[in-house]
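Engineer: Could you have a look at this structure, given as C-alpha cells, before my questions?
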Amino acid sequence: MRITGGQWAGRTLTVPPGLGVRPTPDKVRQAIFNSLGPWILDCSVLELFAGTGTLSLECLSRGAASAVCVEKSSKHASYIRRNTKALETNIEIRVQCALRSVKQLAEVNRAFDFICADPPYGDKTAPGKRSESWAQKLLDEPAVGEVLNPEGRLLIGHTKRDAVEITPPWAEHKTLKHGDTWIRVLTVNV
C-alpha cells in the first residue's frame, strides 16, 4: 500500500495483516484524487471508517490542511498513528463508531470540506428492498450533512450490488466505477 500522489508519493503505508481491514486500493485512490484535482488543497478532511487512514494521508499528501480519522478498532487506529509518525504529520484520531462520532462533531458545530468514507461493504440489496449497508446508514444520518461545509463534498464507497439510494439532501456530483467498487462524490443540495 503506497501513497499515490503529492509530497509523499510512493511512500509505503503500514497495514495490518489479514482481512480485518480493506484499504481503498491504489488504483481507486489514484482515480479519486485525479478527479478531485486541486480542489483538495487546504481542505479540512474527515475520514470515517478510516482503517489505516489511507484516504486522509493521501489528502494530506496532496495539500489538504488537516484531517480527522474515525476508526472503531483501536488496533487499526494504531496503524494510523504509525503511518502519521512515519510521515511526520499529525492527524486527530477518534477511536469510536463512525455514526456516534459524526453526531458528536455536529453537536459541537465542527464542519469539514471533505468527508470520505469507504465503509465495510454491504450485502447485495434484494429486489424491492432498501440497502442496510453502512454506506446507506451514513447517507440516512442527518448529522453527516451537518458536519459538511456548504461547498463541501462527501465521498462514499460501496459495491455495485449494494443498491445505495441517494436521497435529499444529497446530490450526485460524480460516480467513479472500478470493477465492483463504486465511489460516489456527493454534495448537499440546497
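Labels for the C-alpha cells follow display order: chains A, B, ..., residues from 1 in each chain, ligands from 1.
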Give me the residues near A:Asn109 as a CSV table (one decimal) with N, CA, C and O atoms, in the first residue's frame, where near means some atom within 12 Å (using only C-alpha atoms) and where sequence neighbours in that chain fewer than 6 positions away do not count.

Structural biologist:
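Result went into selection35.csv, see below:
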```csv
chain,number,residue,atom,x,y,z
A,102,VAL,N,-19.9,11.3,14.2
A,102,VAL,CA,-20.5,12.3,13.4
A,102,VAL,C,-21.5,13.1,14.2
A,102,VAL,O,-21.5,14.3,14.2
A,103,LYS,N,-22.3,12.4,15.0
A,103,LYS,CA,-23.3,13.1,15.9
A,103,LYS,C,-22.6,14.0,16.9
A,103,LYS,O,-23.0,15.1,17.1
A,143,ALA,N,-26.8,14.1,10.6
A,143,ALA,CA,-25.6,14.7,11.2
A,143,ALA,C,-24.4,14.7,10.1
A,143,ALA,O,-23.6,15.6,10.2
A,144,VAL,N,-24.4,13.8,9.2
A,144,VAL,CA,-23.4,13.8,8.2
A,144,VAL,C,-23.4,15.1,7.4
A,144,VAL,O,-22.4,15.7,7.1
A,145,GLY,N,-24.6,15.4,6.9
A,145,GLY,CA,-24.8,16.7,6.2
A,145,GLY,C,-24.5,17.9,7.1
A,145,GLY,O,-24.0,18.9,6.5
A,146,GLU,N,-24.7,17.8,8.4
A,146,GLU,CA,-24.5,18.9,9.3
A,146,GLU,C,-23.0,19.2,9.5
A,146,GLU,O,-22.6,20.3,9.8
A,147,VAL,N,-22.1,18.2,9.3
A,147,VAL,CA,-20.7,18.4,9.5
A,147,VAL,C,-20.0,18.6,8.2
A,147,VAL,O,-18.8,18.7,8.2
A,148,LEU,N,-20.7,18.8,7.1
A,148,LEU,CA,-20.1,19.1,5.8
A,148,LEU,C,-20.3,20.6,5.5
A,148,LEU,O,-21.5,21.1,5.5
A,149,ASN,N,-19.3,21.3,5.2
A,149,ASN,CA,-19.3,22.7,4.9
A,149,ASN,C,-20.2,22.8,3.6
A,149,ASN,O,-20.3,21.9,2.8
```

Engineer: If we count only C-alpha atoms, what is near A:Lys174 at a cut-off of 7 Å, once residues fewer than 2 positions away on the same chain are taken out, given as a PyMOL selection string?

Structural biologist: chain A and resi 172+176+184-186

Engineer: In Å, with one decimal, what is the gap from atom CA of A:Ser66 to atom CA of A:Asn90?

Structural biologist: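 Atom CA of A:Asn90 lies 8.1 Å from atom CA of A:Ser66.
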
Engineer: So which bits of chain A end up strand (DSSP E or B) when you DSSP the backbone, as a PyMOL selection string?

Structural biologist: chain A and resi 2+12+44-48+66-70+92-94+112-117+148-159+170-178+181-188

Engineer: Find the residues near stretch 111-121 of chain A: any atom within 6 Å, counting only C-alpha atoms, skip ones fewer than 2 places away on the same chain, and give them as a compact mmCIF listing (two decimals) with N, CA and C atoms, in the first residue's frame.

Structural biologist:
```txt
# COMPACT_ATOMS: atom_id res chain seq x y z
N CYS A 43 -8.16 21.81 2.15
CA CYS A 43 -9.42 21.27 2.71
C CYS A 43 -9.21 20.70 4.11
N SER A 44 -10.26 20.77 4.90
CA SER A 44 -10.31 20.03 6.15
C SER A 44 -11.02 18.71 5.85
N VAL A 45 -10.45 17.61 6.32
CA VAL A 45 -10.89 16.27 5.94
C VAL A 45 -11.38 15.50 7.15
N LEU A 46 -12.48 14.80 6.99
CA LEU A 46 -12.98 13.84 7.98
C LEU A 46 -13.06 12.50 7.28
N GLU A 47 -12.30 11.52 7.78
CA GLU A 47 -12.36 10.17 7.22
C GLU A 47 -13.08 9.26 8.21
N LEU A 48 -14.18 8.68 7.76
CA LEU A 48 -14.97 7.75 8.57
C LEU A 48 -14.61 6.33 8.15
N PHE A 49 -14.67 5.39 9.09
CA PHE A 49 -14.24 4.01 8.82
C PHE A 49 -12.81 4.05 8.29
N VAL A 147 -22.15 18.18 9.32
CA VAL A 147 -20.70 18.38 9.51
C VAL A 147 -19.97 18.62 8.19
N LEU A 148 -20.73 18.78 7.11
CA LEU A 148 -20.13 19.08 5.81
C LEU A 148 -20.34 20.56 5.50
N ASN A 149 -19.25 21.26 5.23
CA ASN A 149 -19.35 22.68 4.87
C ASN A 149 -20.22 22.85 3.62
N GLY A 152 -18.82 21.74 0.48
CA GLY A 152 -18.06 20.51 0.68
C GLY A 152 -18.54 19.35 -0.15
N ARG A 153 -17.78 18.27 -0.06
CA ARG A 153 -18.10 17.04 -0.80
C ARG A 153 -18.01 15.84 0.13
N LEU A 154 -18.88 14.89 -0.11
CA LEU A 154 -18.88 13.61 0.60
C LEU A 154 -18.51 12.53 -0.40
N LEU A 155 -17.47 11.78 -0.09
CA LEU A 155 -17.08 10.64 -0.91
C LEU A 155 -17.51 9.38 -0.16
N ILE A 156 -18.25 8.52 -0.83
CA ILE A 156 -18.71 7.30 -0.17
C ILE A 156 -18.51 6.11 -1.11
N GLY A 157 -17.94 5.04 -0.56
CA GLY A 157 -17.68 3.84 -1.35
C GLY A 157 -18.67 2.74 -1.02
N HIS A 158 -19.04 1.99 -2.03
CA HIS A 158 -19.89 0.81 -1.84
C HIS A 158 -19.72 -0.10 -3.05
```

Engineer: Report the residues of stretch 3-182 of chain A whose backbone DSSP state falls under helix (DSSP H, G or I), written as a PyMOL selection string.

Structural biologist: chain A and resi 26-40+54-61+74-86+98-107+134-140+142-146

Engineer: List the spatial neighbours of A:Glu92 as a compact mmCIF listing (two decimals) with all heavy atoms, in the first residue's frame - criterion: any atom at most 8 Å away, only C-alpha atoms, same-chain residues fewer than 6 positions off excluded.

Structural biologist:
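Output file result14.txt follows:
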```txt
# COMPACT_ATOMS: atom_id res chain seq x y z
N ALA A 67 -6.73 16.73 8.97
CA ALA A 67 -7.53 15.52 8.84
C ALA A 67 -7.90 14.98 10.21
O ALA A 67 -7.12 15.06 11.17
CB ALA A 67 -6.78 14.45 8.05
N VAL A 68 -9.11 14.44 10.28
CA VAL A 68 -9.60 13.72 11.46
C VAL A 68 -9.98 12.32 10.97
O VAL A 68 -10.71 12.18 9.99
CB VAL A 68 -10.85 14.40 12.07
CG1 VAL A 68 -11.42 13.57 13.21
CG2 VAL A 68 -10.51 15.80 12.53
N CYS A 69 -9.45 11.30 11.63
CA CYS A 69 -9.77 9.91 11.28
C CYS A 69 -10.63 9.31 12.38
O CYS A 69 -10.30 9.42 13.56
CB CYS A 69 -8.51 9.06 11.16
SG CYS A 69 -7.56 9.36 9.68
```

Engineer: Would you compute the distance between atom CA of A:Ile80 and atom CA of A:Ala65? Give it in Å to one decimal.

Structural biologist: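 Between these atoms lies a distance of 17.2 Å.
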
Engineer: One decimal, in Å: what's the spacing between atom CA of A:Arg161 and atom CA of A:Thr125?

Structural biologist: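 One can read the atom CA of A:Arg161 to atom CA of A:Thr125 distance as 6.4 Å.
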
Engineer: Determine the nearest neighbour of A:Ser56 from the options A:Gln136, A:Thr187, A:Asn83, A:Gln96, counting only C-alpha atoms.

Structural biologist: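 Of all the options, A:Asn83 lies closest to A:Ser56.
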
Engineer: List the neighbours of A:Ala163 out to 8 Å using only C-alpha atoms; skip same-chain residues closer than 5 positions along the sequence, and give me the result as a PDB file with N, CA, C and O atoms, in the first residue's frame.

Structural biologist:
```pdb
ATOM      1  N   LYS A 124     -25.646  -7.821  -1.109  1.00  0.00           N
ATOM      2  CA  LYS A 124     -26.449  -7.479  -2.276  1.00  0.00           C
ATOM      3  C   LYS A 124     -27.838  -7.072  -1.802  1.00  0.00           C
ATOM      4  O   LYS A 124     -28.444  -7.735  -0.967  1.00  0.00           O
ATOM      5  N   THR A 125     -28.325  -5.968  -2.344  1.00  0.00           N
ATOM      6  CA  THR A 125     -29.652  -5.493  -1.983  1.00  0.00           C
ATOM      7  C   THR A 125     -30.691  -6.321  -2.729  1.00  0.00           C
ATOM      8  O   THR A 125     -30.645  -6.419  -3.965  1.00  0.00           O
ATOM      9  N   ARG A 130     -34.581  -2.012   0.595  1.00  0.00           N
ATOM     10  CA  ARG A 130     -33.653  -0.886   0.760  1.00  0.00           C
ATOM     11  C   ARG A 130     -32.344  -1.410   1.333  1.00  0.00           C
ATOM     12  O   ARG A 130     -32.336  -2.308   2.168  1.00  0.00           O
ATOM     13  N   SER A 131     -31.258  -0.835   0.900  1.00  0.00           N
ATOM     14  CA  SER A 131     -29.948  -1.234   1.399  1.00  0.00           C
ATOM     15  C   SER A 131     -29.874  -1.049   2.909  1.00  0.00           C
ATOM     16  O   SER A 131     -30.414  -0.089   3.459  1.00  0.00           O
TER      17      SER A 131
END
```
